[in-house]
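**Q** Below is the file target24.cif, with mmCIF, C-alpha atoms.
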data_input
#
loop_
_atom_site.label_atom_id
_atom_site.label_comp_id
_atom_site.auth_asym_id
_atom_site.auth_seq_id
_atom_site.Cartn_x
_atom_site.Cartn_y
_atom_site.Cartn_z
CA MET D 1457 41.58 -23.00 -12.70
CA LYS D 1458 38.30 -24.86 -12.33
CA ALA D 1459 35.81 -24.52 -15.14
CA PRO D 1460 32.63 -22.61 -14.20
CA PRO D 1461 29.65 -24.84 -13.44
CA VAL D 1462 27.37 -25.60 -16.35
CA PRO D 1463 23.96 -24.02 -15.73
CA ALA D 1464 20.95 -26.32 -15.71
CA PRO D 1465 18.99 -26.15 -18.97
CA ALA D 1466 15.92 -23.95 -18.97
CA TYR D 1467 12.43 -25.45 -19.07
CA ASN D 1468 11.35 -26.45 -22.59
CA TRP D 1469 7.79 -25.40 -23.46
CA SER D 1470 7.74 -26.71 -27.05
CA GLY D 1471 5.51 -29.55 -28.19
CA PHE D 1472 1.98 -30.90 -27.99
CA TYR D 1473 -0.04 -30.94 -24.76
CA VAL D 1474 -3.48 -31.93 -23.48
CA GLY D 1475 -5.19 -31.00 -20.23
CA ALA D 1476 -8.30 -30.28 -18.23
CA ASN D 1477 -9.75 -27.16 -16.61
CA LEU D 1478 -12.49 -25.91 -14.32
CA GLY D 1479 -13.66 -22.52 -13.18
CA GLY D 1480 -16.47 -20.01 -13.34
CA ALA D 1481 -18.15 -17.90 -16.01
CA TRP D 1482 -20.38 -14.87 -15.75
CA THR D 1483 -22.02 -12.35 -18.01
CA ARG D 1484 -23.77 -9.02 -17.86
CA GLY D 1485 -26.17 -10.64 -20.28
CA HIS D 1486 -29.76 -10.36 -19.18
CA LEU D 1487 -33.31 -10.76 -20.30
CA ASN D 1488 -34.64 -7.22 -20.42
CA ILE D 1489 -37.75 -7.96 -18.34
CA ARG D 1490 -38.76 -5.73 -15.44
CA GLY D 1491 -39.31 -7.68 -12.24
CA ASN D 1492 -37.24 -10.71 -13.30
CA ASN D 1493 -34.85 -10.24 -10.39
CA LEU D 1494 -33.26 -13.72 -10.10
CA TYR D 1495 -32.69 -15.27 -13.49
CA GLY D 1496 -31.88 -12.09 -15.38
CA GLY D 1497 -28.11 -12.54 -15.07
CA LEU D 1498 -26.00 -15.62 -15.57
CA THR D 1499 -23.21 -17.20 -13.52
CA GLU D 1500 -22.16 -20.81 -13.83
CA PHE D 1501 -19.63 -23.55 -13.21
CA ILE D 1502 -17.57 -24.59 -16.22
CA GLY D 1503 -15.27 -27.55 -16.73
CA GLY D 1504 -13.71 -29.27 -19.72
CA VAL D 1505 -10.60 -30.13 -21.69
CA GLN D 1506 -8.00 -28.35 -23.80
CA ALA D 1507 -5.25 -29.27 -26.25
CA GLY D 1508 -2.61 -27.32 -28.08
CA TYR D 1509 0.88 -26.98 -29.51
CA ASN D 1510 3.71 -24.63 -28.45
CA PHE D 1511 6.78 -23.50 -30.37
CA GLN D 1512 9.44 -21.82 -28.23
CA ALA D 1513 12.08 -19.48 -29.69
CA GLY D 1514 14.29 -18.29 -26.84
CA HIS D 1515 12.12 -16.25 -24.47
CA LEU D 1516 9.22 -16.09 -26.96
CA LEU D 1517 6.47 -18.66 -27.35
CA PHE D 1518 3.99 -19.07 -30.19
CA GLY D 1519 1.21 -21.60 -30.14
CA VAL D 1520 -2.38 -22.54 -30.82
CA GLU D 1521 -4.92 -23.91 -28.35
CA GLY D 1522 -8.48 -25.17 -28.47
CA ASP D 1523 -10.75 -25.97 -25.56
CA PHE D 1524 -14.26 -27.23 -24.93
CA ASP D 1525 -16.16 -26.66 -21.66
CA GLY D 1526 -19.52 -27.78 -20.42
CA ALA D 1527 -21.49 -25.20 -18.45
CA THR D 1528 -23.83 -25.91 -15.53
CA PHE D 1529 -26.41 -23.46 -14.25
CA GLY D 1530 -29.35 -24.82 -12.27
CA HIS D 1531 -32.56 -23.09 -11.26
CA PRO D 1532 -33.84 -23.60 -7.72
CA ALA D 1533 -37.56 -24.06 -7.18
CA LEU D 1534 -39.27 -20.86 -6.03
CA PRO D 1535 -42.70 -20.30 -4.46
CA THR D 1536 -43.55 -17.91 -7.33
CA PRO D 1537 -42.65 -18.34 -11.04
CA THR D 1538 -40.03 -16.17 -12.70
CA LEU D 1539 -40.70 -14.30 -15.90
CA GLY D 1540 -37.77 -15.77 -17.81
CA SER D 1541 -34.44 -17.53 -17.55
CA VAL D 1542 -31.20 -18.00 -19.46
CA SER D 1543 -28.62 -20.78 -19.37
CA GLN D 1544 -25.71 -22.16 -21.36
CA ASN D 1545 -24.77 -25.73 -22.23
CA TRP D 1546 -21.28 -25.49 -23.68
CA ILE D 1547 -18.47 -23.10 -24.66
CA GLY D 1548 -15.76 -23.78 -27.26
CA THR D 1549 -12.76 -21.66 -28.26
CA VAL D 1550 -9.82 -21.75 -30.68
CA ALA D 1551 -7.07 -19.17 -30.26
CA ALA D 1552 -3.47 -18.31 -31.02
CA ARG D 1553 -1.15 -17.91 -28.01
CA VAL D 1554 1.83 -15.55 -27.76
CA GLY D 1555 3.91 -15.62 -24.59
CA LEU D 1556 7.04 -14.62 -22.72
CA VAL D 1557 9.04 -17.48 -21.18
CA GLU D 1558 11.25 -17.27 -18.10
CA ASP D 1559 12.40 -20.83 -17.38
CA ILE D 1560 9.46 -22.56 -15.64
CA TRP D 1561 7.14 -19.51 -15.98
CA LEU D 1562 5.05 -18.56 -19.01
CA LEU D 1563 3.04 -15.34 -19.32
CA TYR D 1564 0.80 -15.41 -22.39
CA ALA D 1565 -2.02 -13.71 -24.27
CA LYS D 1566 -4.69 -15.35 -26.45
CA LEU D 1567 -6.62 -14.07 -29.45
CA GLY D 1568 -9.13 -16.05 -31.46
CA GLY D 1569 -12.79 -17.02 -31.58
CA GLY D 1570 -15.42 -18.67 -29.40
CA TRP D 1571 -18.75 -20.46 -29.75
CA VAL D 1572 -21.47 -20.54 -27.09
CA GLN D 1573 -24.69 -22.57 -27.01
CA SER D 1574 -27.43 -20.74 -25.06
CA ASN D 1575 -30.97 -21.59 -23.96
CA ALA D 1576 -33.66 -19.09 -22.95
CA SER D 1577 -37.28 -19.20 -21.85
CA LEU D 1578 -39.96 -16.53 -21.42
CA ASN D 1579 -43.12 -16.85 -19.34
CA PHE D 1580 -45.06 -13.68 -18.69
CA PRO D 1581 -48.55 -12.48 -19.66
CA GLY D 1582 -49.04 -12.80 -23.40
CA VAL D 1583 -45.60 -14.31 -24.08
CA THR D 1584 -44.53 -17.95 -23.69
CA TRP D 1585 -41.43 -19.08 -25.55
CA GLN D 1586 -38.45 -21.41 -25.32
CA GLY D 1587 -35.48 -21.46 -27.67
CA SER D 1588 -31.83 -22.30 -28.14
CA ASN D 1589 -29.09 -20.68 -30.17
CA THR D 1590 -25.40 -21.26 -30.98
CA SER D 1591 -23.44 -18.17 -31.91
CA SER D 1592 -19.83 -17.17 -32.42
CA GLY D 1593 -17.73 -14.20 -31.38
CA TRP D 1594 -14.20 -12.98 -30.82
CA LEU D 1595 -12.02 -14.15 -27.92
CA ALA D 1596 -9.25 -12.35 -26.01
CA GLY D 1597 -7.50 -13.65 -22.92
CA VAL D 1598 -4.42 -13.60 -20.71
CA GLY D 1599 -2.90 -16.23 -18.48
CA VAL D 1600 0.08 -17.51 -16.54
CA GLU D 1601 1.40 -21.08 -16.65
CA TYR D 1602 3.93 -22.85 -14.41
CA GLY D 1603 5.97 -25.96 -15.21
CA PHE D 1604 6.08 -27.74 -11.87
CA LYS D 1605 7.13 -31.17 -13.23
CA PRO D 1606 9.00 -32.27 -16.39
CA ASN D 1607 5.71 -33.20 -18.11
CA TRP D 1608 3.15 -31.22 -16.10
CA THR D 1609 2.11 -27.57 -15.97
CA LEU D 1610 -0.51 -25.57 -14.07
CA LYS D 1611 -2.28 -22.52 -15.46
CA LEU D 1612 -4.62 -19.69 -14.46
CA GLU D 1613 -6.43 -17.92 -17.29
CA TYR D 1614 -8.95 -15.12 -17.88
CA ASP D 1615 -10.94 -15.02 -21.16
CA TYR D 1616 -13.50 -12.65 -22.66
CA ILE D 1617 -15.81 -13.71 -25.49
CA GLY D 1618 -17.69 -10.95 -27.32
CA LEU D 1619 -20.97 -12.31 -28.68
CA GLY D 1620 -23.73 -10.64 -30.61
CA SER D 1621 -27.15 -9.99 -29.08
CA TRP D 1622 -29.88 -12.60 -29.42
CA ALA D 1623 -33.47 -11.40 -29.82
CA SER D 1624 -36.43 -13.67 -29.13
CA PRO D 1625 -38.97 -14.07 -31.98
CA THR D 1626 -41.77 -12.73 -29.78
CA VAL D 1627 -43.89 -9.60 -29.63
CA PRO D 1628 -42.36 -7.63 -28.08
CA PRO D 1629 -38.88 -9.07 -28.81
CA ILE D 1630 -36.65 -9.59 -25.77
CA GLN D 1631 -32.94 -8.85 -26.14
CA LEU D 1632 -30.35 -11.18 -24.60
CA ASN D 1633 -26.80 -9.85 -24.36
CA ARG D 1634 -24.34 -12.73 -23.87
CA ASP D 1635 -20.80 -11.28 -23.70
CA LEU D 1636 -19.05 -13.83 -21.51
CA GLN D 1637 -16.16 -13.66 -19.02
CA MET D 1638 -14.38 -16.77 -17.71
CA VAL D 1639 -11.70 -17.62 -15.15
CA LYS D 1640 -10.20 -21.10 -15.49
CA PHE D 1641 -7.79 -23.17 -13.43
CA GLY D 1642 -6.12 -25.90 -15.47
CA ALA D 1643 -3.42 -28.55 -15.70
CA ASN D 1644 -1.64 -29.73 -18.86
CA TYR D 1645 0.36 -32.84 -19.70
CA LYS D 1646 3.26 -32.16 -22.11
CA PHE D 1647 4.25 -35.00 -24.42
CA GLU D 1648 7.76 -33.52 -24.66
CA ARG D 1649 9.58 -33.26 -21.32
CA GLY D 1650 10.29 -29.80 -20.00
CA THR D 1651 13.43 -30.94 -18.15
CA SER D 1652 15.47 -34.11 -17.90
CA GLU D 1653 15.24 -36.34 -14.85
CA ALA D 1654 18.80 -35.37 -13.92
CA THR D 1655 17.88 -31.69 -13.63
CA ALA D 1656 14.48 -32.11 -11.94
CA ARG D 1657 14.20 -29.97 -8.85
CA THR D 1658 14.63 -31.60 -5.46
CA VAL D 1659 14.58 -30.44 -1.86
CA ALA D 1660 16.81 -31.11 1.09
CA ALA D 1661 17.25 -34.58 2.51
CA ALA D 1662 14.67 -35.98 4.91
CA PRO D 1663 15.10 -35.59 8.70
CA SER D 1664 17.45 -38.02 10.35
CA SER D 1665 14.92 -40.01 12.40
CA PRO D 1666 11.30 -41.21 11.97
CA ALA D 1667 10.14 -39.06 14.91
CA GLU D 1668 11.72 -35.93 13.39
CA GLU D 1669 10.29 -36.87 10.00
CA HIS D 1670 6.75 -37.16 11.40
CA GLU D 1671 6.96 -33.83 13.23
CA ASP D 1672 8.59 -32.01 10.33
CA LEU D 1673 5.88 -33.23 7.94
CA ALA D 1674 3.14 -32.42 10.47
CA LYS D 1675 4.41 -28.86 10.90
CA LYS D 1676 4.62 -28.39 7.13
CA SER D 1677 1.07 -29.69 6.67
CA GLN D 1678 -0.14 -27.18 9.31
CA ASN D 1679 1.64 -24.29 7.58
CA PRO D 1680 -0.57 -22.77 4.82
CA ILE D 1681 2.50 -21.47 2.94
CA ALA D 1682 4.93 -24.38 3.39
CA ASP D 1683 7.00 -25.63 0.46
CA LEU D 1684 4.82 -28.74 0.27
CA VAL D 1685 2.32 -29.95 -2.32
CA SER D 1686 -0.85 -31.13 -0.57
CA VAL D 1687 -4.45 -31.94 -1.48
CA PRO D 1688 -6.78 -31.55 1.53
CA PHE D 1689 -10.35 -32.85 1.49
CA GLN D 1690 -12.10 -30.96 4.28
CA SER D 1691 -15.63 -31.89 5.35
CA ASN D 1692 -17.61 -29.24 7.26
CA THR D 1693 -20.91 -30.53 8.64
CA ASN D 1694 -23.01 -27.64 9.99
CA PHE D 1695 -25.96 -28.52 12.20
CA ASN D 1696 -29.32 -26.71 12.65
CA ALA D 1697 -29.07 -24.42 9.61
CA GLY D 1698 -31.93 -22.43 8.09
CA PRO D 1699 -35.60 -22.19 8.97
CA PHE D 1700 -36.06 -25.97 9.12
CA ASN D 1701 -32.94 -26.66 11.27
CA ARG D 1702 -31.43 -28.89 8.61
CA THR D 1703 -27.82 -30.00 8.16
CA GLN D 1704 -25.54 -28.21 5.70
CA GLU D 1705 -22.54 -30.11 4.29
CA VAL D 1706 -19.57 -28.37 2.64
CA LEU D 1707 -16.71 -30.50 1.27
CA ASN D 1708 -13.78 -28.22 0.42
CA ILE D 1709 -11.30 -29.65 -2.09
CA GLN D 1710 -8.31 -27.32 -1.75
CA PRO D 1711 -5.03 -28.25 -3.49
CA VAL D 1712 -1.96 -26.29 -2.38
CA VAL D 1713 0.94 -25.98 -4.81
CA PRO D 1714 4.18 -24.03 -4.10
CA LEU D 1715 5.53 -22.25 -7.17
CA HIS D 1716 9.24 -21.34 -7.07
CA ILE D 1717 9.77 -17.83 -8.47
CA ASN D 1718 13.51 -17.71 -7.73
CA ALA D 1719 15.99 -18.59 -4.98
CA ASP D 1720 14.50 -15.97 -2.63
CA TRP D 1721 10.74 -16.11 -3.21
CA ASN D 1722 7.96 -18.67 -3.46
CA LEU D 1723 4.42 -18.17 -4.73
CA ILE D 1724 1.96 -20.45 -2.93
CA SER D 1725 -1.23 -21.29 -4.87
CA ARG D 1726 -4.24 -22.38 -2.79
CA THR D 1727 -7.50 -23.24 -4.58
CA ILE D 1728 -10.77 -23.92 -2.72
CA MET D 1729 -13.55 -25.72 -4.60
CA PRO D 1730 -16.62 -26.33 -2.36
CA VAL D 1731 -19.04 -29.19 -3.00
CA ILE D 1732 -22.19 -28.20 -1.11
CA SER D 1733 -25.43 -29.67 0.16
CA GLN D 1734 -27.38 -26.51 1.03
CA PRO D 1735 -30.74 -26.37 2.90
CA SER D 1736 -33.40 -24.56 0.88
CA PRO D 1737 -34.72 -21.30 2.38
CA PHE D 1738 -38.19 -22.12 1.00
CA PHE D 1739 -38.71 -25.87 1.36
CA ASN D 1740 -37.68 -28.63 3.73
CA SER D 1741 -35.09 -29.97 1.27
CA ASN D 1742 -31.46 -29.56 0.23
CA THR D 1743 -29.86 -28.37 -3.04
CA ASN D 1744 -26.61 -30.11 -4.03
CA GLY D 1745 -23.80 -28.96 -6.31
CA ILE D 1746 -20.58 -26.96 -6.62
CA GLY D 1747 -20.22 -23.53 -5.04
CA ASP D 1748 -18.12 -20.50 -5.93
CA ILE D 1749 -14.41 -21.32 -6.41
CA THR D 1750 -11.82 -19.26 -4.49
CA GLN D 1751 -8.17 -18.81 -5.47
CA GLN D 1752 -5.46 -17.47 -3.14
CA PHE D 1753 -1.84 -16.57 -3.92
CA PHE D 1754 0.78 -15.92 -1.24
CA PHE D 1755 4.17 -14.37 -2.00
CA SER D 1756 6.48 -15.74 0.70
CA PRO D 1757 10.27 -15.52 1.27
CA THR D 1758 12.12 -18.79 0.78
CA HIS D 1759 14.29 -18.21 3.88
CA PRO D 1760 12.13 -16.43 6.50
CA GLY D 1761 13.18 -15.67 10.05
CA ALA D 1762 11.29 -16.63 13.20
CA LEU D 1763 8.15 -15.07 11.72
CA ILE D 1764 6.97 -16.88 8.58
CA TRP D 1765 4.69 -14.75 6.42
CA GLY D 1766 3.00 -14.50 3.06
CA VAL D 1767 0.81 -11.86 1.39
CA GLY D 1768 -1.03 -11.69 -1.91
CA PRO D 1769 -4.40 -11.51 -3.65
CA ILE D 1770 -7.53 -13.59 -3.20
CA PHE D 1771 -10.43 -13.77 -5.64
CA THR D 1772 -13.62 -15.77 -6.02
CA VAL D 1773 -15.34 -16.61 -9.30
CA PRO D 1774 -19.12 -17.20 -9.53
CA SER D 1775 -18.97 -20.86 -10.47
CA ALA D 1776 -21.97 -22.17 -8.49
CA THR D 1777 -24.06 -24.79 -10.28
CA ASP D 1778 -27.18 -23.33 -8.63
CA PRO D 1779 -27.87 -19.74 -7.51
CA ILE D 1780 -28.58 -20.90 -3.97
CA LEU D 1781 -25.05 -22.34 -3.73
CA GLY D 1782 -23.17 -19.11 -4.50
CA GLN D 1783 -23.26 -15.33 -4.34
CA GLY D 1784 -23.26 -14.70 -8.10
CA LYS D 1785 -20.46 -12.13 -7.76
CA VAL D 1786 -16.80 -11.82 -8.69
CA LEU D 1787 -14.92 -11.10 -5.45
CA LEU D 1788 -11.43 -9.64 -5.05
CA GLY D 1789 -9.28 -8.57 -2.13
CA PRO D 1790 -6.04 -9.02 -0.15
CA THR D 1791 -5.00 -12.04 1.90
CA ALA D 1792 -2.15 -12.64 4.34
CA VAL D 1793 -0.84 -15.33 6.68
CA PHE D 1794 1.55 -15.00 9.63
CA LEU D 1795 2.88 -17.86 11.75
CA THR D 1796 5.69 -19.06 13.96
CA THR D 1797 6.87 -22.58 14.82
CA PRO D 1798 8.55 -22.58 18.26
CA GLY D 1799 9.36 -26.08 19.50
CA HIS D 1800 6.45 -28.43 18.95
CA TRP D 1801 4.02 -25.56 18.19
CA VAL D 1802 2.63 -24.09 14.98
CA ILE D 1803 0.82 -20.82 15.80
CA GLY D 1804 -0.54 -18.30 13.32
CA VAL D 1805 -3.45 -16.57 11.64
CA LEU D 1806 -4.82 -16.38 8.08
CA LEU D 1807 -6.67 -13.17 7.08
CA ASN D 1808 -8.55 -11.91 4.05
CA ASN D 1809 -11.26 -9.48 2.98
CA GLN D 1810 -13.14 -9.61 -0.33
CA TRP D 1811 -15.35 -7.12 -2.13
CA SER D 1812 -17.64 -7.72 -5.10
CA VAL D 1813 -16.17 -6.23 -8.30
CA GLY D 1814 -18.37 -7.87 -10.95
CA GLY D 1815 -20.78 -10.68 -11.68
CA ASN D 1816 -24.56 -10.67 -11.76
CA PRO D 1817 -25.70 -7.03 -11.28
CA LEU D 1818 -29.02 -8.21 -9.83
CA ARG D 1819 -27.40 -10.07 -6.91
CA PRO D 1820 -26.52 -8.22 -3.66
CA ASN D 1821 -23.06 -6.67 -3.25
CA VAL D 1822 -20.52 -8.42 -1.03
CA ASN D 1823 -18.02 -7.14 1.55
CA GLU D 1824 -16.85 -10.02 3.74
CA PHE D 1825 -13.98 -10.62 6.16
CA LEU D 1826 -12.38 -13.90 7.27
CA ALA D 1827 -9.88 -14.58 10.05
CA GLN D 1828 -8.68 -18.10 10.84
CA PRO D 1829 -6.34 -18.31 13.83
CA PHE D 1830 -4.66 -21.71 14.15
CA VAL D 1831 -2.84 -23.35 17.04
CA ASN D 1832 -1.30 -26.83 16.72
CA TYR D 1833 0.74 -28.79 19.25
CA ASN D 1834 2.65 -31.77 17.84
CA MET D 1835 3.26 -34.88 19.93
CA ALA D 1836 4.97 -38.25 19.52
CA HIS D 1837 4.15 -40.70 16.69
CA GLY D 1838 2.63 -37.98 14.48
CA TRP D 1839 -0.25 -37.06 16.81
CA PHE D 1840 -1.23 -33.41 17.26
CA LEU D 1841 -3.83 -31.21 18.93
CA THR D 1842 -5.44 -28.54 16.76
CA SER D 1843 -7.75 -25.54 16.88
CA SER D 1844 -8.50 -23.44 13.79
CA PRO D 1845 -11.89 -21.66 14.07
CA VAL D 1846 -13.06 -19.70 11.03
CA ILE D 1847 -14.27 -16.25 12.13
CA THR D 1848 -16.26 -14.31 9.52
CA ALA D 1849 -17.94 -10.92 9.25
CA ASN D 1850 -20.44 -9.60 6.71
CA TRP D 1851 -19.79 -5.85 6.81
CA LEU D 1852 -23.02 -5.09 4.88
CA ALA D 1853 -25.27 -6.85 7.41
CA ALA D 1854 -26.87 -5.28 10.46
CA SER D 1855 -24.54 -5.05 13.45
CA ASP D 1856 -26.31 -7.87 15.33
CA GLN D 1857 -26.20 -10.13 12.22
CA ARG D 1858 -22.61 -9.45 11.17
CA TRP D 1859 -20.31 -11.87 13.00
CA THR D 1860 -19.87 -15.64 13.17
CA VAL D 1861 -17.43 -16.60 15.96
CA PRO D 1862 -16.78 -20.32 16.72
CA ILE D 1863 -14.73 -21.89 19.50
CA GLY D 1864 -13.46 -25.47 19.69
CA GLY D 1865 -10.71 -27.83 18.61
CA GLY D 1866 -9.75 -31.43 17.95
CA ILE D 1867 -7.06 -34.04 17.45
CA GLY D 1868 -5.20 -35.42 14.43
CA ARG D 1869 -2.29 -37.50 13.21
CA VAL D 1870 0.24 -37.64 10.38
CA PHE D 1871 1.02 -41.15 9.13
CA LYS D 1872 1.46 -43.20 5.95
CA LEU D 1873 -1.04 -45.25 3.97
CA GLY D 1874 1.42 -47.58 2.28
CA ASP D 1875 3.95 -45.15 0.83
CA GLN D 1876 1.54 -42.18 0.77
CA PRO D 1877 1.94 -39.62 3.63
CA VAL D 1878 -1.40 -38.30 4.88
CA SER D 1879 -2.61 -35.95 7.59
CA THR D 1880 -6.01 -36.38 9.21
CA TYR D 1881 -7.87 -34.65 12.00
CA ILE D 1882 -11.34 -34.25 13.45
CA SER D 1883 -12.59 -31.26 15.42
CA ALA D 1884 -15.80 -29.65 16.65
CA TYR D 1885 -16.77 -25.98 17.01
CA TYR D 1886 -19.66 -24.11 18.63
CA ASN D 1887 -20.72 -20.73 17.20
CA VAL D 1888 -20.93 -18.51 20.27
CA VAL D 1889 -21.89 -15.57 18.02
CA ARG D 1890 -23.86 -16.14 14.82
CA PRO D 1891 -26.51 -14.52 12.57
CA THR D 1892 -30.13 -15.63 12.66
CA GLY D 1893 -30.56 -18.92 10.81
CA ALA D 1894 -26.84 -19.79 10.84
CA PRO D 1895 -25.74 -23.22 12.14
CA ASN D 1896 -24.86 -23.47 15.82
CA TRP D 1897 -22.49 -26.47 15.68
CA GLN D 1898 -19.88 -27.62 13.20
CA LEU D 1899 -18.08 -30.95 12.89
CA ARG D 1900 -14.94 -30.68 10.75
CA ALA D 1901 -12.96 -33.65 9.44
CA GLU D 1902 -10.03 -33.47 7.05
CA LEU D 1903 -7.88 -35.89 5.07
CA SER D 1904 -4.84 -34.35 3.34
CA LEU D 1905 -2.67 -36.16 0.80
CA LEU D 1906 0.91 -34.91 1.26
CA PHE D 1907 3.52 -34.94 -1.49
CA PRO D 1908 6.95 -34.04 -0.07
CA GLU D 1909 9.56 -33.99 -2.81
CA ARG D 1910 12.32 -36.57 -2.59
#
Would you write the structure of this file as structure tokens?
**A**
Amino acid sequence: MKAPPVPAPAYNWSGFYVGANLGGAWTRGHLNIRGNNLYGGLTEFIGGVQAGYNFQAGHLLFGVEGDFDGATFGHPALPTPTLGSVSQNWIGTVAARVGLVEDIWLLYAKLGGGWVQSNASLNFPGVTWQGSNTSSGWLAGVGVEYGFKPNWTLKLEYDYIGLGSWASPTVPPIQLNRDLQMVKFGANYKFERGTSEATARTVAAAPSSPAEEHEDLAKKSQNPIADLVSVPFQSNTNFNAGPFNRTQEVLNIQPVVPLHINADWNLISRTIMPVISQPSPFFNSNTNGIGDITQQFFFSPTHPGALIWGVGPIFTVPSATDPILGQGKVLLGPTAVFLTTPGHWVIGVLLNNQWSVGGNPLRPNVNEFLAQPFVNYNMAHGWFLTSSPVITANWLAASDQRWTVPIGGGIGRVFKLGDQPVSTYISAYYNVVRPTGAPNWQLRAELSLLFPER
């Protein structure tokens, strides 16, 4: 009788690690001033570093982690002065972690303390004041972490810091409530390997010919839920935006990472971080910075039939570095993608709808829909034709200001820069239906770094 096969060793989470994170933070904190309708709440972009140590005992994990994040919240120029503003410079936390381990997955909770440095200013009749304050509070959080390489992990985390109120030394005193919520996306480097090189996960062998290899890689890069790590850099140049007919530029950095739940299911993570140059609604100038970060997750079968599909949640955190660059709201909703790949074609549609569920209470509510149909035809030597217009609807707008509907397309190619596979394309779209003040033309160019496993 043959001996049963020896199972591959589970992922080892023990040891020291360091990493980096970015995300968004928001608070119900406000300056209690009537009429201060813009700077009363606080949303911001955060980014920083973390370090910690894990001790794994079977399926249980115990650890400690500290992190430090800088916070960015800018104030746009307005034609009239505001009565006050709040901002934060940095956030630090130290917490114990307790988690449940299932091979390459870690579900954990955090409990500890946090420190926040805040600035505030007041400017209304009889009161002019500026001040800063650093205070501490308790921290509670939850997160999920995924070991996608022997020394690398990815994590998504939610934290709440309870801080005491801060009162200005003015007459009358103004109360500032600063309880803070954060959503972070991070990556960690483990000094102790999670798996050995011999047991690292691999995929099937490459196609048998260069032509098949090019087309197979092209079709995977065009599939939003393919088992392929990619990092697209997508430039969207929108012409004739706003009252001064200026140009808006949105560079979307959107890494896609497939997470293997088990032999039957994948979880596809897609993050969208926009870097924006936004025309001002008041002056003939642009405001530059980072917009609200969106995270999508798609649960998708590992072995689908003719119809490839994925469904899951989508949420957006108010991470904009300037109020004009974001909506100031936490958004949540469902997302789905459906596609088929007959012959040389990749045809499908990506759908989602998001509603505001938190964030700055003084900013307008959000209910927005997005549909992105995509059609790609792959040709010889990695060339392909593409069309993927982004159709949007603002359900809270007037009926004649609700829809943006573009038409257009372009051409692209999959090739190698040295040993690095890349996909590039350029396309143009005309908005046949659009709200007042929206751009009428868009030029889209994308460069995607592709990382097929060997």
**Q** Please indicate the distance in Å from CA of Ala1682 in chain D to CA of Gly1874 in chain D, rounded to one decimal place.
**A**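 Interatomic distance here is 23.5 Å.
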**Q** Name the residues that the PyMOL selection byres ((chain D and resi 1470) around 6) picks from the file above, as a PyMOL selection string, using the file's chain letters and numbers.
**A** chain D and resi 1468-1469+1471+1510-1512
**Q** Out of D:Val1805, D:Val1878, D:Leu1707, D:Ala1481, which residue has the shortest atom-to-atom distance to Met1638 in chain D when counting only C-alpha atoms?
**A**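 The answer is D:Ala1481, which sits nearest to Met1638 in chain D.
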**Q** Which residues would end up in the selection if the PyMOL selection byres ((chain D and resi 1780) around 10) were applied here, given that I need the answer as a PyMOL selection string?
**A** chain D and resi 1530-1532+1734-1737+1743-1745+1747+1776-1779+1781-1784
**Q** Which residues come within 7 Å of Gln1898 in chain D, counting all atoms listed in the file, excluding same-chain residues fewer than 5 positions away, as a count of residues only?
**A** 7
**Q** Sorted by chain and rising residue number, list the residues of range 1827-1876 of chain D at most 8 Å from range 1818-1823 of chain D (counting only C-alpha atoms), each with its closest atom pair and distance in Å to one decimal, as a tab-separated table.
**A**
residue	atom	partner	partner_atom	distance
D:Asn1850	CA	D:Asn1823	CA	6.2
D:Trp1851	CA	D:Asn1823	CA	5.7
D:Leu1852	CA	D:Asn1823	CA	6.3
**Q** Expressed in Å to a single decimal, how great is the separation between CA of Tyr1473 in chain D and CA of Glu1613 in chain D?
**A**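 Going from CA of Tyr1473 in chain D over to CA of Glu1613 in chain D, I get 16.3 Å.
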**Q** Counting all atoms listed in the file, which residues of range 1822-1870 of chain D sit at most 10 Å from some atom of range 1675-1680 of chain D, and what is each one's closest atom pair with its distance in Å to one decimal, listed by chain and rising residue number, as JSON lines?
**A**
{"residue": "D:Phe1830", "atom": "CA", "partner": "D:Gln1678", "partner_atom": "CA", "distance": 8.6}
{"residue": "D:Val1831", "atom": "CA", "partner": "D:Gln1678", "partner_atom": "CA", "distance": 9.0}
{"residue": "D:Asn1832", "atom": "CA", "partner": "D:Gln1678", "partner_atom": "CA", "distance": 7.5}
{"residue": "D:Tyr1833", "atom": "CA", "partner": "D:Lys1675", "partner_atom": "CA", "distance": 9.1}
{"residue": "D:Asn1834", "atom": "CA", "partner": "D:Lys1675", "partner_atom": "CA", "distance": 7.7}
{"residue": "D:Gly1838", "atom": "CA", "partner": "D:Lys1675", "partner_atom": "CA", "distance": 10.0}
{"residue": "D:Phe1840", "atom": "CA", "partner": "D:Lys1675", "partner_atom": "CA", "distance": 9.6}
{"residue": "D:Thr1842", "atom": "CA", "partner": "D:Gln1678", "partner_atom": "CA", "distance": 9.2}
{"residue": "D:Val1870", "atom": "CA", "partner": "D:Ser1677", "partner_atom": "CA", "distance": 8.8}
**Q** For this file, the PyMOL selection byres ((chain D and resi 1849) around 8) selects which residues, as a ChimeraX atom specification?
**A** /D:1824-1826,1847-1848,1850-1851,1858-1860
**Q** Calculated over all atoms listed in the file, which of the candidates D:Gln1876, D:Asn1816, D:Asn1887, D:Asn1579 has the smallest distance to Ser1686 in chain D?
**A** D:Gln1876
**Q** Here is a test: counting all atoms listed in the file, which residue of D:Phe1739, D:Tyr1509, D:Tyr1614, D:Trp1561 is nearest to Gly1480 in chain D?
**A**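 The closest residue to Gly1480 in chain D is D:Tyr1614.
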**Q** Quick one: everything within 6 Å of range 1615-1624 of chain D, counting only C-alpha atoms, minus sequence neighbours fewer than 3 positions away in the same chain. Send it as a list in words.
**A**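 Here the answer would be Gly1593, Trp1594, Leu1595, Ala1596, Gly1597, Pro1629, Ile1630, Gln1631, Leu1632, Asn1633, Arg1634, Asp1635, Leu1636, Gln1637 and Met1638 of chain D.
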